[in-house]
>>> print(open('start_37.txt').read())   # compact mmCIF, C-alpha atoms
# COMPACT_ATOMS: atom_id res chain seq x y z
CA MET A 1032 73.18 49.39 -152.33
CA LYS A 1033 69.66 48.21 -151.65
CA VAL A 1034 67.09 50.92 -150.95
CA GLU A 1035 65.79 49.03 -147.94
CA TYR A 1036 69.12 49.67 -146.24
CA ILE A 1037 68.67 53.45 -146.48
CA ASN A 1038 65.65 53.71 -144.21
CA PRO A 1039 67.42 52.58 -141.02
CA PHE A 1040 69.93 55.40 -141.48
CA ILE A 1041 67.26 58.00 -142.22
CA SER A 1042 65.07 56.98 -139.29
CA SER A 1043 68.10 56.93 -136.99
CA ALA A 1044 69.08 60.47 -137.96
CA VAL A 1045 65.52 61.71 -137.46
CA SER A 1046 65.25 59.93 -134.13
CA VAL A 1047 68.64 61.10 -132.79
CA PHE A 1048 67.94 64.71 -133.75
CA ALA A 1049 64.50 64.52 -132.11
CA THR A 1050 65.53 62.85 -128.87
CA VAL A 1051 68.99 64.34 -128.32
CA LEU A 1052 68.53 67.80 -129.82
CA SER A 1053 64.73 68.27 -129.71
CA CYS A 1054 65.07 69.16 -133.37
CA ASP A 1055 62.69 68.09 -136.15
CA LEU A 1056 64.34 66.95 -139.37
CA HIS A 1057 62.39 67.17 -142.62
CA ARG A 1058 63.60 65.10 -145.52
CA ARG A 1059 64.01 67.12 -148.68
CA GLY A 1060 65.33 64.63 -151.18
CA LEU A 1061 67.33 61.55 -151.91
CA GLN A 1062 69.81 61.10 -154.73
CA LEU A 1063 72.84 59.22 -155.84
CA LYS A 1064 75.71 61.29 -154.55
CA ASP A 1065 77.19 63.66 -157.09
CA ARG A 1066 80.89 63.14 -156.63
CA LEU A 1067 81.65 66.80 -157.25
CA LEU A 1068 79.18 68.26 -154.78
CA PRO A 1069 80.93 70.08 -151.93
CA GLU A 1070 79.82 69.24 -148.43
CA PHE A 1071 78.61 71.69 -145.84
CA GLU A 1072 81.25 73.25 -143.60
CA VAL A 1073 81.30 70.58 -140.87
CA SER A 1074 81.11 66.84 -141.64
CA GLY A 1075 81.20 63.92 -139.23
CA ILE A 1076 82.29 60.56 -140.67
CA ILE A 1077 81.97 57.14 -139.11
CA GLY A 1078 82.63 53.69 -140.51
CA LEU A 1079 80.70 50.47 -139.96
CA ALA A 1080 82.25 47.07 -140.44
CA GLY A 1081 81.02 43.51 -140.06
CA ARG A 1082 79.15 41.31 -142.52
CA ALA A 1083 78.75 44.51 -144.51
CA SER A 1084 81.03 47.55 -144.74
CA GLY A 1085 79.69 51.04 -144.71
CA THR A 1086 80.40 54.68 -144.15
CA VAL A 1087 78.10 57.43 -142.94
CA VAL A 1088 78.77 61.12 -143.47
CA LEU A 1089 76.69 63.67 -141.58
CA SER A 1090 77.34 67.06 -143.15
CA LEU A 1091 76.04 70.22 -141.49
CA SER A 1092 75.94 73.86 -142.42
CA ARG A 1093 77.79 76.06 -139.94
CA GLU A 1094 74.54 77.24 -138.34
CA VAL A 1095 73.22 73.70 -137.91
CA ALA A 1096 76.54 72.53 -136.44
CA LEU A 1097 76.67 75.41 -133.93
CA ASN A 1098 73.05 74.99 -132.88
CA ALA A 1099 73.25 71.20 -132.63
CA ALA A 1100 76.39 71.44 -130.49
CA GLY A 1101 74.74 74.15 -128.39
CA ALA A 1102 71.75 71.90 -127.77
CA MET A 1103 74.02 69.03 -126.73
CA LEU A 1104 76.27 71.14 -124.52
CA GLY A 1105 73.49 73.23 -122.99
CA GLU A 1106 75.15 76.54 -123.86
CA PRO A 1107 75.43 78.70 -126.99
CA CYS A 1108 78.28 77.89 -129.37
CA LEU A 1109 79.64 80.75 -131.44
CA ASP A 1110 82.63 79.17 -133.14
CA ILE A 1111 83.58 75.77 -134.53
CA ASN A 1112 85.88 74.94 -131.63
CA ALA A 1113 86.99 71.64 -130.06
CA ASP A 1114 83.76 71.29 -128.05
CA VAL A 1115 81.65 71.68 -131.17
CA VAL A 1116 83.80 69.14 -133.03
CA ASP A 1117 83.39 66.68 -130.15
CA ALA A 1118 79.63 67.17 -130.14
CA ILE A 1119 79.32 66.60 -133.89
CA GLY A 1120 81.52 63.51 -133.64
CA GLU A 1121 79.28 62.17 -130.88
CA LEU A 1122 76.15 62.95 -132.88
CA THR A 1123 77.59 61.04 -135.84
CA ASN A 1124 78.48 58.17 -133.51
CA MET A 1125 74.90 58.02 -132.18
CA ILE A 1126 73.40 57.94 -135.68
CA GLY A 1127 75.85 55.19 -136.72
CA GLY A 1128 75.10 53.24 -133.56
CA ALA A 1129 71.33 53.43 -133.97
CA SER A 1130 71.61 52.45 -137.65
CA LYS A 1131 73.74 49.37 -137.04
CA THR A 1132 71.29 48.17 -134.40
CA LYS A 1133 68.54 48.32 -137.02
CA LEU A 1134 70.70 46.35 -139.46
CA GLU A 1135 71.56 43.59 -137.01
CA GLN A 1136 71.78 40.97 -139.77
CA PHE A 1137 75.16 42.48 -140.69
CA ASP A 1138 76.58 42.32 -137.14
CA MET A 1139 78.47 45.58 -137.68
CA ARG A 1140 80.61 47.52 -135.26
CA LEU A 1141 81.56 51.18 -135.38
CA SER A 1142 84.91 52.75 -136.14
CA LEU A 1143 85.86 56.00 -134.41
CA PRO A 1144 84.25 59.17 -135.72
CA THR A 1145 86.28 61.92 -137.33
CA VAL A 1146 85.08 65.43 -138.05
CA ILE A 1147 86.11 67.41 -141.11
CA VAL A 1148 86.02 71.19 -140.92
CA GLY A 1149 86.61 73.36 -143.96
CA ARG A 1150 84.71 75.43 -146.47
CA HIS A 1151 84.34 73.83 -149.87
CA HIS A 1152 85.81 70.47 -148.86
CA THR A 1153 84.51 67.46 -150.78
CA ILE A 1154 84.09 63.93 -149.46
CA GLN A 1155 84.22 61.30 -152.16
CA PHE A 1156 83.56 57.60 -152.03
CA GLY A 1157 85.51 55.21 -154.18
CA SER A 1158 83.95 53.78 -157.32
CA ALA A 1159 83.35 50.44 -155.57
CA ALA A 1160 80.55 52.03 -153.55
CA THR A 1161 77.58 54.05 -154.76
CA PRO A 1162 76.63 56.39 -151.95
CA ILE A 1163 73.17 57.78 -151.55
CA SER A 1164 72.78 61.30 -150.28
CA VAL A 1165 69.73 62.30 -148.27
CA SER A 1166 69.13 66.01 -147.80
CA PHE A 1167 67.26 67.38 -144.81
CA GLU A 1168 66.05 70.73 -143.59
CA CYS A 1169 65.66 71.66 -139.94
CA PRO A 1170 64.79 74.94 -138.21
CA TRP A 1171 68.53 75.72 -138.00
CA GLY A 1172 69.21 75.17 -141.70
CA PRO A 1173 70.26 72.46 -144.15
CA LEU A 1174 72.15 69.22 -143.57
CA SER A 1175 72.75 65.97 -145.41
CA LEU A 1176 73.44 62.33 -144.70
CA ASP A 1177 75.54 60.34 -147.17
CA ILE A 1178 75.39 56.58 -146.79
CA SER A 1179 77.25 53.79 -148.46
CA LEU A 1180 76.92 50.13 -147.58
CA VAL A 1181 78.44 47.13 -149.33
CA GLU A 1182 77.32 43.64 -148.34
CA HIS A 1183 79.75 40.76 -147.93
CA PRO A 1184 77.43 37.87 -148.87
CA GLU A 1185 80.12 35.33 -148.02
CA LEU A 1186 79.98 36.51 -144.41
CA VAL A 1187 76.21 36.67 -143.95
CA ALA A 1188 74.87 33.86 -141.81
CA SER A 1189 72.38 31.76 -143.73
CA MET B 995 96.51 54.19 -127.38
CA LYS B 996 99.42 51.84 -126.78
CA VAL B 997 102.60 52.60 -128.71
CA GLU B 998 102.93 48.97 -129.78
CA TYR B 999 99.79 49.41 -131.85
CA ILE B 1000 101.39 52.17 -133.94
CA ASN B 1001 104.08 50.03 -135.53
CA PRO B 1002 101.72 47.79 -137.53
CA PHE B 1003 100.26 50.88 -139.19
CA ILE B 1004 103.66 52.43 -139.91
CA SER B 1005 105.11 49.21 -141.33
CA SER B 1006 101.96 48.67 -143.43
CA ALA B 1007 102.22 52.15 -144.95
CA VAL B 1008 105.91 51.67 -145.72
CA SER B 1009 105.26 48.25 -147.19
CA VAL B 1010 102.26 49.29 -149.33
CA PHE B 1011 104.14 52.30 -150.72
CA ALA B 1012 107.15 50.10 -151.51
CA THR B 1013 105.33 47.21 -153.12
CA VAL B 1014 102.44 49.01 -154.84
CA LEU B 1015 104.09 52.32 -155.77
CA SER B 1016 107.81 51.41 -155.71
CA CYS B 1017 108.17 54.43 -153.44
CA ASP B 1018 110.37 54.64 -150.35
CA LEU B 1019 108.84 56.29 -147.31
CA HIS B 1020 111.09 57.86 -144.70
CA ARG B 1021 109.63 58.50 -141.30
CA ARG B 1022 110.20 62.03 -140.12
CA GLY B 1023 108.46 62.17 -136.79
CA LEU B 1024 105.72 60.97 -134.53
CA GLN B 1025 103.54 63.15 -132.33
CA LEU B 1026 100.20 63.37 -130.63
CA LYS B 1027 97.98 64.95 -133.23
CA ASP B 1028 97.58 68.70 -132.87
CA ARG B 1029 93.85 69.16 -133.30
CA LEU B 1030 94.31 72.42 -135.15
CA LEU B 1031 96.84 71.24 -137.70
CA PRO B 1032 95.42 71.32 -141.23
CA GLU B 1033 95.85 68.24 -143.34
CA PHE B 1034 97.46 68.06 -146.73
CA GLU B 1035 95.19 68.62 -149.74
CA VAL B 1036 94.04 65.00 -150.22
CA SER B 1037 93.16 62.70 -147.31
CA GLY B 1038 91.94 59.12 -147.39
CA ILE B 1039 90.04 57.91 -144.33
CA ILE B 1040 89.13 54.35 -143.40
CA GLY B 1041 87.60 52.91 -140.27
CA LEU B 1042 88.39 49.65 -138.50
CA ALA B 1043 85.93 47.93 -136.21
CA GLY B 1044 85.97 44.74 -134.19
CA ARG B 1045 87.35 44.08 -130.71
CA ALA B 1046 88.92 47.52 -131.09
CA SER B 1047 87.70 50.56 -133.02
CA GLY B 1048 90.02 52.68 -135.04
CA THR B 1049 90.41 55.19 -137.79
CA VAL B 1050 93.30 55.74 -140.17
CA VAL B 1051 93.83 58.96 -142.10
CA LEU B 1052 96.38 59.01 -144.93
CA SER B 1053 96.96 62.65 -145.86
CA LEU B 1054 98.97 63.51 -148.96
CA SER B 1055 100.28 66.71 -150.45
CA ARG B 1056 98.93 67.37 -153.94
CA GLU B 1057 102.19 66.23 -155.56
CA VAL B 1058 102.31 62.99 -153.58
CA ALA B 1059 98.66 62.26 -154.38
CA LEU B 1060 99.15 62.84 -158.11
CA ASN B 1061 102.35 60.78 -158.28
CA ALA B 1062 100.96 57.94 -156.18
CA ALA B 1063 97.83 57.74 -158.33
CA GLY B 1064 99.98 57.93 -161.46
CA ALA B 1065 102.08 55.00 -160.25
CA MET B 1066 98.94 52.97 -159.54
CA LEU B 1067 97.22 53.83 -162.80
CA GLY B 1068 100.31 53.58 -164.98
CA GLU B 1069 99.87 57.02 -166.50
CA PRO B 1070 100.58 60.59 -165.42
CA CYS B 1071 97.89 62.34 -163.38
CA LEU B 1072 97.71 66.11 -163.66
CA ASP B 1073 94.57 66.91 -161.69
CA ILE B 1074 92.78 65.59 -158.63
CA ASN B 1075 90.04 63.87 -160.62
CA ALA B 1076 87.81 60.86 -159.94
CA ASP B 1077 90.54 58.38 -160.93
CA VAL B 1078 93.00 59.94 -158.51
CA VAL B 1079 90.40 59.89 -155.74
CA ASP B 1080 89.72 56.21 -156.42
CA ALA B 1081 93.43 55.42 -156.33
CA ILE B 1082 93.96 57.21 -153.01
CA GLY B 1083 90.90 55.47 -151.54
CA GLU B 1084 92.31 52.13 -152.63
CA LEU B 1085 95.74 52.97 -151.21
CA THR B 1086 94.09 53.85 -147.87
CA ASN B 1087 92.15 50.60 -148.03
CA MET B 1088 95.33 48.58 -148.58
CA ILE B 1089 97.11 50.21 -145.64
CA GLY B 1090 94.07 49.61 -143.42
CA GLY B 1091 93.84 46.01 -144.60
CA ALA B 1092 97.51 45.26 -143.98
CA SER B 1093 97.33 46.88 -140.54
CA LYS B 1094 94.32 44.93 -139.36
CA THR B 1095 95.99 41.68 -140.40
CA LYS B 1096 98.93 42.57 -138.15
CA LEU B 1097 96.55 43.30 -135.27
CA GLU B 1098 94.63 40.05 -135.57
CA GLN B 1099 93.91 39.91 -131.83
CA PHE B 1100 91.27 42.60 -132.42
CA ASP B 1101 89.51 40.73 -135.25
CA MET B 1102 88.76 43.99 -137.03
CA ARG B 1103 87.08 44.58 -140.36
CA LEU B 1104 87.30 47.59 -142.62
CA SER B 1105 84.68 50.23 -143.34
CA LEU B 1106 84.59 51.82 -146.80
CA PRO B 1107 87.22 54.44 -147.55
CA THR B 1108 86.31 58.05 -148.20
CA VAL B 1109 88.60 60.67 -149.68
CA ILE B 1110 88.55 64.31 -148.61
CA VAL B 1111 89.76 66.91 -151.07
CA GLY B 1112 90.17 70.54 -150.10
CA ARG B 1113 92.88 73.01 -149.20
CA HIS B 1114 93.14 73.83 -145.53
CA HIS B 1115 90.61 71.22 -144.41
CA THR B 1116 91.13 69.81 -140.92
CA ILE B 1117 90.30 66.30 -139.74
CA GLN B 1118 89.68 66.08 -136.03
CA PHE B 1119 89.16 63.11 -133.77
CA GLY B 1120 86.83 63.28 -130.82
CA SER B 1121 88.21 63.71 -127.33
CA ALA B 1122 87.59 60.02 -126.57
CA ALA B 1123 90.48 59.07 -128.84
CA THR B 1124 94.03 60.38 -128.82
CA PRO B 1125 95.34 60.07 -132.35
CA ILE B 1126 99.00 59.80 -133.13
CA SER B 1127 100.30 61.46 -136.26
CA VAL B 1128 103.27 60.01 -138.10
CA SER B 1129 104.94 62.24 -140.68
CA PHE B 1130 106.78 60.82 -143.66
CA GLU B 1131 108.82 62.16 -146.54
CA CYS B 1132 109.09 60.46 -149.91
CA PRO B 1133 110.70 61.51 -153.20
CA TRP B 1134 107.39 63.10 -154.25
CA GLY B 1135 106.97 65.18 -151.08
CA PRO B 1136 105.42 65.02 -147.61
CA LEU B 1137 102.59 62.88 -146.28
CA SER B 1138 101.22 61.84 -142.91
CA LEU B 1139 99.39 58.96 -141.30
CA ASP B 1140 97.06 59.68 -138.38
CA ILE B 1141 96.02 56.68 -136.35
CA SER B 1142 93.59 56.23 -133.54
CA LEU B 1143 92.69 52.93 -131.92
CA VAL B 1144 90.52 52.27 -128.89
CA GLU B 1145 90.40 48.78 -127.39
CA HIS B 1146 87.20 47.19 -126.21
CA PRO B 1147 88.58 44.96 -123.44
CA GLU B 1148 85.16 43.41 -122.84
CA LEU B 1149 85.28 42.01 -126.38
CA VAL B 1150 88.83 40.67 -126.41
CA ALA B 1151 89.00 36.91 -126.20
CA SER B 1152 90.93 35.79 -123.15
>>> encode(input="start_37.txt", output="C-alpha cells")
Amino acid sequence: MKVEYINPFISSAVSVFATVLSCDLHRRGLQLKDRLLPEFEVSGIIGLAGRASGTVVLSLSREVALNAAGAMLGEPCLDINADVVDAIGELTNMIGGASKTKLEQFDMRLSLPTVIVGRHHTIQFGSAATPISVSFECPWGPLSLDISLVEHPELVAS
Amino acid sequence: MKVEYINPFISSAVSVFATVLSCDLHRRGLQLKDRLLPEFEVSGIIGLAGRASGTVVLSLSREVALNAAGAMLGEPCLDINADVVDAIGELTNMIGGASKTKLEQFDMRLSLPTVIVGRHHTIQFGSAATPISVSFECPWGPLSLDISLVEHPELVAS
C-alpha cells in the first residue's frame, strides 16, 4: 500500500471529527498493523470497492465512542446502545466517503458500515493486504484508524 | 431488502462450502437480525459496492472455523492463528465473490475482507440497513450468514 494513499484517510478523519464533532484529533503514530493487537471497545468498519479495494476500521475507546455519539446526537450517551452504534456507523461512513472522494482515480463506492462491540476483540486483515494503523489522541481519549487499500491496476483508466 | 436478493448469498455459501471444503450446509432458519445477538467466535466481514451497497458477515463457531481452515489448508488447525484467520477471510471473500456474480445487475465489487476474533463480540448494522441472518448447521457445528443490501436506484441502468 502506497504511503500517499494514507493521507486522504488521515485528513478525512481529522476533518470529519472537526466539522461534525467539533473535536480536535492529534496524530500519535503510524505503524504497520500488528495482527495481534486488540482493538478498542467499539469499532466501525466500512469497505471501499472500485478500481481499488479497501477497508477502513475506526476503533474507539468506550469514552471516545460515547462522547462522539453524544456530540452527534446532541445529548449525553451513557451506554453503548443502538443509538451510539448508529452514530459510530455513520461517523465511519462519513470518513470513508470523504476518503474515497479524495482518491477519485479509483472510482470507489462504499459498502454498508458495520459496528463491532466487544472488549478484547481483534480485527485482522488477510495476508493479501498490509494494513497501516494510525493512532490518534483527542480530548476524550484514544482512537485508531486502520486502513488497507489494494489497487487493481488492470482496472485503472490510463 | 428484497427477499429475492437473499437467495444468491445463501446458494453461494452452500456452494463454496461444498466445493471448497467438501462440507454440506443445512439451512436452519432465516430471521431479521436481532441487533443484540452475539456472533460466534470468528466472523469474516466483506463489503460489496456498486449500484447497490452491501455487507456480508460469515460467523463461525470455533469448531467450524478450525475445521474449515483445516480443510482449506490440508492440515489440522488447533488454534485460531494467523493461518486460520487468512483462511476464513478467503472463505468470506469467495462467498462475496460468488454472490456478486449472481447479482450482476448491481455491478458490485468487493472490499477487502476482515476477520473479527473474540468471544461475545457483536456485529451491528446501522439503522439504515435491515440485515437478514441465515443460520446453518454443518457436521462441524453452527454458523450464520448475515446479509444486508441497499439498492441505489439512481445508479441502476434502465
>>> atom_distance(input="start_37.txt", atom1="CA of Thr1013 in chain B", atom2="CA of Lys1096 in chain B")
16.9 Å
>>> calpha_fit_and_write(input="start_37.txt", fixed="chain B", moving="chain A", output="short mmCIF file (atom, residue, chain, number, x, y, z; two decimals) with C-alpha atoms, keeping the file's coordinate frame")
data_model
loop_
_atom_site.label_atom_id
_atom_site.label_comp_id
_atom_site.auth_asym_id
_atom_site.auth_seq_id
_atom_site.Cartn_x
_atom_site.Cartn_y
_atom_site.Cartn_z
CA MET A 1032 96.51 54.17 -127.36
CA LYS A 1033 99.41 51.83 -126.78
CA VAL A 1034 102.59 52.58 -128.72
CA GLU A 1035 102.92 48.96 -129.76
CA TYR A 1036 99.78 49.40 -131.85
CA ILE A 1037 101.38 52.16 -133.94
CA ASN A 1038 104.08 50.03 -135.54
CA PRO A 1039 101.71 47.78 -137.53
CA PHE A 1040 100.25 50.88 -139.18
CA ILE A 1041 103.64 52.42 -139.91
CA SER A 1042 105.09 49.21 -141.33
CA SER A 1043 101.96 48.68 -143.43
CA ALA A 1044 102.22 52.15 -144.95
CA VAL A 1045 105.91 51.66 -145.72
CA SER A 1046 105.26 48.23 -147.19
CA VAL A 1047 102.27 49.29 -149.33
CA PHE A 1048 104.13 52.29 -150.72
CA ALA A 1049 107.15 50.10 -151.51
CA THR A 1050 105.32 47.21 -153.13
CA VAL A 1051 102.44 49.00 -154.85
CA LEU A 1052 104.09 52.30 -155.76
CA SER A 1053 107.82 51.42 -155.72
CA CYS A 1054 108.16 54.42 -153.44
CA ASP A 1055 110.39 54.63 -150.36
CA LEU A 1056 108.83 56.28 -147.32
CA HIS A 1057 111.09 57.85 -144.70
CA ARG A 1058 109.63 58.50 -141.30
CA ARG A 1059 110.20 62.03 -140.12
CA GLY A 1060 108.46 62.16 -136.78
CA LEU A 1061 105.71 60.98 -134.53
CA GLN A 1062 103.53 63.14 -132.32
CA LEU A 1063 100.21 63.38 -130.63
CA LYS A 1064 97.98 64.96 -133.22
CA ASP A 1065 97.58 68.70 -132.86
CA ARG A 1066 93.87 69.17 -133.30
CA LEU A 1067 94.33 72.44 -135.15
CA LEU A 1068 96.84 71.23 -137.71
CA PRO A 1069 95.44 71.33 -141.24
CA GLU A 1070 95.85 68.23 -143.34
CA PHE A 1071 97.46 68.05 -146.74
CA GLU A 1072 95.20 68.61 -149.73
CA VAL A 1073 94.04 65.01 -150.23
CA SER A 1074 93.17 62.70 -147.31
CA GLY A 1075 91.93 59.12 -147.40
CA ILE A 1076 90.03 57.90 -144.33
CA ILE A 1077 89.13 54.35 -143.41
CA GLY A 1078 87.60 52.91 -140.27
CA LEU A 1079 88.39 49.64 -138.51
CA ALA A 1080 85.94 47.93 -136.21
CA GLY A 1081 85.98 44.73 -134.18
CA ARG A 1082 87.34 44.08 -130.70
CA ALA A 1083 88.91 47.51 -131.08
CA SER A 1084 87.70 50.55 -133.01
CA GLY A 1085 90.03 52.67 -135.04
CA THR A 1086 90.41 55.19 -137.79
CA VAL A 1087 93.29 55.74 -140.18
CA VAL A 1088 93.84 58.96 -142.10
CA LEU A 1089 96.38 59.02 -144.92
CA SER A 1090 96.97 62.64 -145.85
CA LEU A 1091 98.98 63.53 -148.95
CA SER A 1092 100.28 66.72 -150.45
CA ARG A 1093 98.94 67.35 -153.94
CA GLU A 1094 102.20 66.24 -155.56
CA VAL A 1095 102.32 63.00 -153.58
CA ALA A 1096 98.67 62.25 -154.37
CA LEU A 1097 99.15 62.84 -158.11
CA ASN A 1098 102.33 60.79 -158.28
CA ALA A 1099 100.96 57.94 -156.17
CA ALA A 1100 97.83 57.75 -158.33
CA GLY A 1101 99.99 57.93 -161.46
CA ALA A 1102 102.07 55.00 -160.23
CA MET A 1103 98.94 52.97 -159.52
CA LEU A 1104 97.21 53.83 -162.79
CA GLY A 1105 100.31 53.56 -164.97
CA GLU A 1106 99.85 57.01 -166.51
CA PRO A 1107 100.58 60.59 -165.42
CA CYS A 1108 97.89 62.33 -163.38
CA LEU A 1109 97.70 66.10 -163.67
CA ASP A 1110 94.57 66.91 -161.69
CA ILE A 1111 92.78 65.58 -158.62
CA ASN A 1112 90.04 63.89 -160.62
CA ALA A 1113 87.82 60.86 -159.94
CA ASP A 1114 90.55 58.39 -160.94
CA VAL A 1115 93.00 59.95 -158.52
CA VAL A 1116 90.39 59.90 -155.74
CA ASP A 1117 89.72 56.21 -156.43
CA ALA A 1118 93.43 55.42 -156.33
CA ILE A 1119 93.95 57.22 -153.02
CA GLY A 1120 90.90 55.48 -151.55
CA GLU A 1121 92.32 52.13 -152.64
CA LEU A 1122 95.73 52.98 -151.21
CA THR A 1123 94.11 53.85 -147.89
CA ASN A 1124 92.14 50.60 -148.04
CA MET A 1125 95.34 48.58 -148.59
CA ILE A 1126 97.11 50.22 -145.65
CA GLY A 1127 94.07 49.60 -143.41
CA GLY A 1128 93.84 46.01 -144.60
CA ALA A 1129 97.51 45.26 -143.98
CA SER A 1130 97.34 46.89 -140.54
CA LYS A 1131 94.32 44.92 -139.35
CA THR A 1132 95.99 41.68 -140.41
CA LYS A 1133 98.92 42.57 -138.16
CA LEU A 1134 96.54 43.29 -135.27
CA GLU A 1135 94.62 40.04 -135.58
CA GLN A 1136 93.92 39.90 -131.84
CA PHE A 1137 91.28 42.59 -132.42
CA ASP A 1138 89.50 40.72 -135.25
CA MET A 1139 88.76 44.00 -137.04
CA ARG A 1140 87.07 44.57 -140.35
CA LEU A 1141 87.30 47.60 -142.61
CA SER A 1142 84.69 50.23 -143.35
CA LEU A 1143 84.59 51.82 -146.80
CA PRO A 1144 87.22 54.44 -147.55
CA THR A 1145 86.31 58.05 -148.21
CA VAL A 1146 88.59 60.68 -149.67
CA ILE A 1147 88.55 64.31 -148.61
CA VAL A 1148 89.77 66.92 -151.08
CA GLY A 1149 90.20 70.55 -150.10
CA ARG A 1150 92.90 73.02 -149.21
CA HIS A 1151 93.13 73.83 -145.53
CA HIS A 1152 90.61 71.21 -144.41
CA THR A 1153 91.13 69.81 -140.92
CA ILE A 1154 90.31 66.30 -139.73
CA GLN A 1155 89.67 66.09 -136.02
CA PHE A 1156 89.16 63.12 -133.78
CA GLY A 1157 86.81 63.30 -130.84
CA SER A 1158 88.19 63.71 -127.34
CA ALA A 1159 87.56 60.02 -126.58
CA ALA A 1160 90.47 59.09 -128.84
CA THR A 1161 94.03 60.40 -128.81
CA PRO A 1162 95.34 60.08 -132.34
CA ILE A 1163 98.99 59.79 -133.13
CA SER A 1164 100.30 61.45 -136.24
CA VAL A 1165 103.27 60.02 -138.10
CA SER A 1166 104.92 62.24 -140.68
CA PHE A 1167 106.78 60.83 -143.65
CA GLU A 1168 108.82 62.15 -146.53
CA CYS A 1169 109.07 60.46 -149.91
CA PRO A 1170 110.71 61.52 -153.19
CA TRP A 1171 107.39 63.10 -154.24
CA GLY A 1172 106.97 65.18 -151.08
CA PRO A 1173 105.42 65.03 -147.62
CA LEU A 1174 102.58 62.90 -146.29
CA SER A 1175 101.22 61.85 -142.92
CA LEU A 1176 99.38 58.97 -141.31
CA ASP A 1177 97.06 59.68 -138.38
CA ILE A 1178 96.01 56.67 -136.35
CA SER A 1179 93.58 56.23 -133.53
CA LEU A 1180 92.68 52.93 -131.93
CA VAL A 1181 90.52 52.28 -128.89
CA GLU A 1182 90.41 48.80 -127.39
CA HIS A 1183 87.19 47.19 -126.21
CA PRO A 1184 88.61 44.96 -123.44
CA GLU A 1185 85.19 43.41 -122.84
CA LEU A 1186 85.30 42.00 -126.37
CA VAL A 1187 88.86 40.69 -126.41
CA ALA A 1188 89.05 36.92 -126.21
CA SER A 1189 90.97 35.82 -123.15
#
>>> residues_around(input="start_37.txt", residues="Phe1100 in chain B", least_positions_apart="5", cutoff="12 Å", atoms="only C-alpha atoms", output="list in words")
Tyr999, Leu1042, Ala1043, Gly1044, Arg1045, Ala1046, Ser1047, Gly1048, Ser1093, Lys1094, Thr1095, Leu1143, Val1144, Glu1145, His1146, Pro1147, Glu1148, Leu1149, Val1150, Ala1151 and Ser1152 of chain B
>>> interface_residues(input="start_37.txt", of="chain A", to="chain B", cutoff="9 Å", atoms="all atoms listed in the file", output="short mmCIF file (atom, residue, chain, number, x, y, z; two decimals) with C-alpha atoms, in the frame of the given file")
data_model
loop_
_atom_site.label_atom_id
_atom_site.label_comp_id
_atom_site.auth_asym_id
_atom_site.auth_seq_id
_atom_site.Cartn_x
_atom_site.Cartn_y
_atom_site.Cartn_z
CA ARG A 1066 80.89 63.14 -156.63
CA LEU A 1067 81.65 66.80 -157.25
CA ILE A 1076 82.29 60.56 -140.67
CA ILE A 1077 81.97 57.14 -139.11
CA GLY A 1078 82.63 53.69 -140.51
CA LEU A 1079 80.70 50.47 -139.96
CA ALA A 1080 82.25 47.07 -140.44
CA GLY A 1081 81.02 43.51 -140.06
CA ARG A 1082 79.15 41.31 -142.52
CA ALA A 1083 78.75 44.51 -144.51
CA SER A 1084 81.03 47.55 -144.74
CA GLY A 1085 79.69 51.04 -144.71
CA THR A 1086 80.40 54.68 -144.15
CA ALA A 1113 86.99 71.64 -130.06
CA ASP A 1114 83.76 71.29 -128.05
CA VAL A 1116 83.80 69.14 -133.03
CA ASP A 1117 83.39 66.68 -130.15
CA ALA A 1118 79.63 67.17 -130.14
CA ILE A 1119 79.32 66.60 -133.89
CA GLY A 1120 81.52 63.51 -133.64
CA GLU A 1121 79.28 62.17 -130.88
CA MET A 1139 78.47 45.58 -137.68
CA ARG A 1140 80.61 47.52 -135.26
CA LEU A 1141 81.56 51.18 -135.38
CA SER A 1142 84.91 52.75 -136.14
CA LEU A 1143 85.86 56.00 -134.41
CA PRO A 1144 84.25 59.17 -135.72
CA THR A 1145 86.28 61.92 -137.33
CA VAL A 1146 85.08 65.43 -138.05
CA ILE A 1147 86.11 67.41 -141.11
CA VAL A 1148 86.02 71.19 -140.92
CA GLY A 1149 86.61 73.36 -143.96
CA ARG A 1150 84.71 75.43 -146.47
CA HIS A 1151 84.34 73.83 -149.87
CA HIS A 1152 85.81 70.47 -148.86
CA THR A 1153 84.51 67.46 -150.78
CA ILE A 1154 84.09 63.93 -149.46
CA GLN A 1155 84.22 61.30 -152.16
CA PHE A 1156 83.56 57.60 -152.03
CA GLY A 1157 85.51 55.21 -154.18
CA SER A 1158 83.95 53.78 -157.32
CA ALA A 1159 83.35 50.44 -155.57
CA ALA A 1160 80.55 52.03 -153.55
CA SER A 1179 77.25 53.79 -148.46
CA LEU A 1180 76.92 50.13 -147.58
CA VAL A 1181 78.44 47.13 -149.33
#
>>> residues_near_point(input="start_37.txt", point="(70.7, 56.2, -154.7)", cutoff="7 Å", atoms="all atoms listed in the file", output="list in words")
Leu1061, Gln1062, Leu1063, Pro1162 and Ile1163 of chain A
>>> write_last_selection(input="start_37.txt", atoms="C-alpha atoms", output="CSV table (one decimal), in the coordinates of the input")
chain,number,residue,atom,x,y,z
A,1061,LEU,CA,67.3,61.6,-151.9
A,1062,GLN,CA,69.8,61.1,-154.7
A,1063,LEU,CA,72.8,59.2,-155.8
A,1162,PRO,CA,76.6,56.4,-152.0
A,1163,ILE,CA,73.2,57.8,-151.6
>>> closest_residue(input="start_37.txt", among="B:Arg1056, B:Asp1140, B:Val1014, B:Met995", to="Gly1068 in chain B", atoms="only C-alpha atoms")
B:Val1014
>>> closest_residue(input="start_37.txt", among="B:Ser1129, B:Leu1097, B:Leu1015, B:Met1088", to="Leu1060 in chain B", atoms="only C-alpha atoms")
B:Leu1015
>>> atom_distance(input="start_37.txt", atom1="CA of Val1095 in chain A", atom2="CA of Ile1111 in chain A")
11.1 Å
>>> residues_around(input="start_37.txt", residues="Arg1059 in chain A", least_positions_apart="2", cutoff="12 Å", atoms="all atoms listed in the file", output="compact mmCIF listing (two decimals) with C-alpha atoms, keeping the file's coordinate frame")
# COMPACT_ATOMS: atom_id res chain seq x y z
CA ILE A 1041 67.26 58.00 -142.22
CA LEU A 1056 64.34 66.95 -139.37
CA HIS A 1057 62.39 67.17 -142.62
CA LEU A 1061 67.33 61.55 -151.91
CA GLN A 1062 69.81 61.10 -154.73
CA SER A 1164 72.78 61.30 -150.28
CA VAL A 1165 69.73 62.30 -148.27
CA SER A 1166 69.13 66.01 -147.80
CA PHE A 1167 67.26 67.38 -144.81
CA GLU A 1168 66.05 70.73 -143.59
CA CYS A 1169 65.66 71.66 -139.94
CA GLY A 1172 69.21 75.17 -141.70
CA PRO A 1173 70.26 72.46 -144.15
CA LEU A 1174 72.15 69.22 -143.57
CA SER A 1175 72.75 65.97 -145.41
CA LEU A 1176 73.44 62.33 -144.70
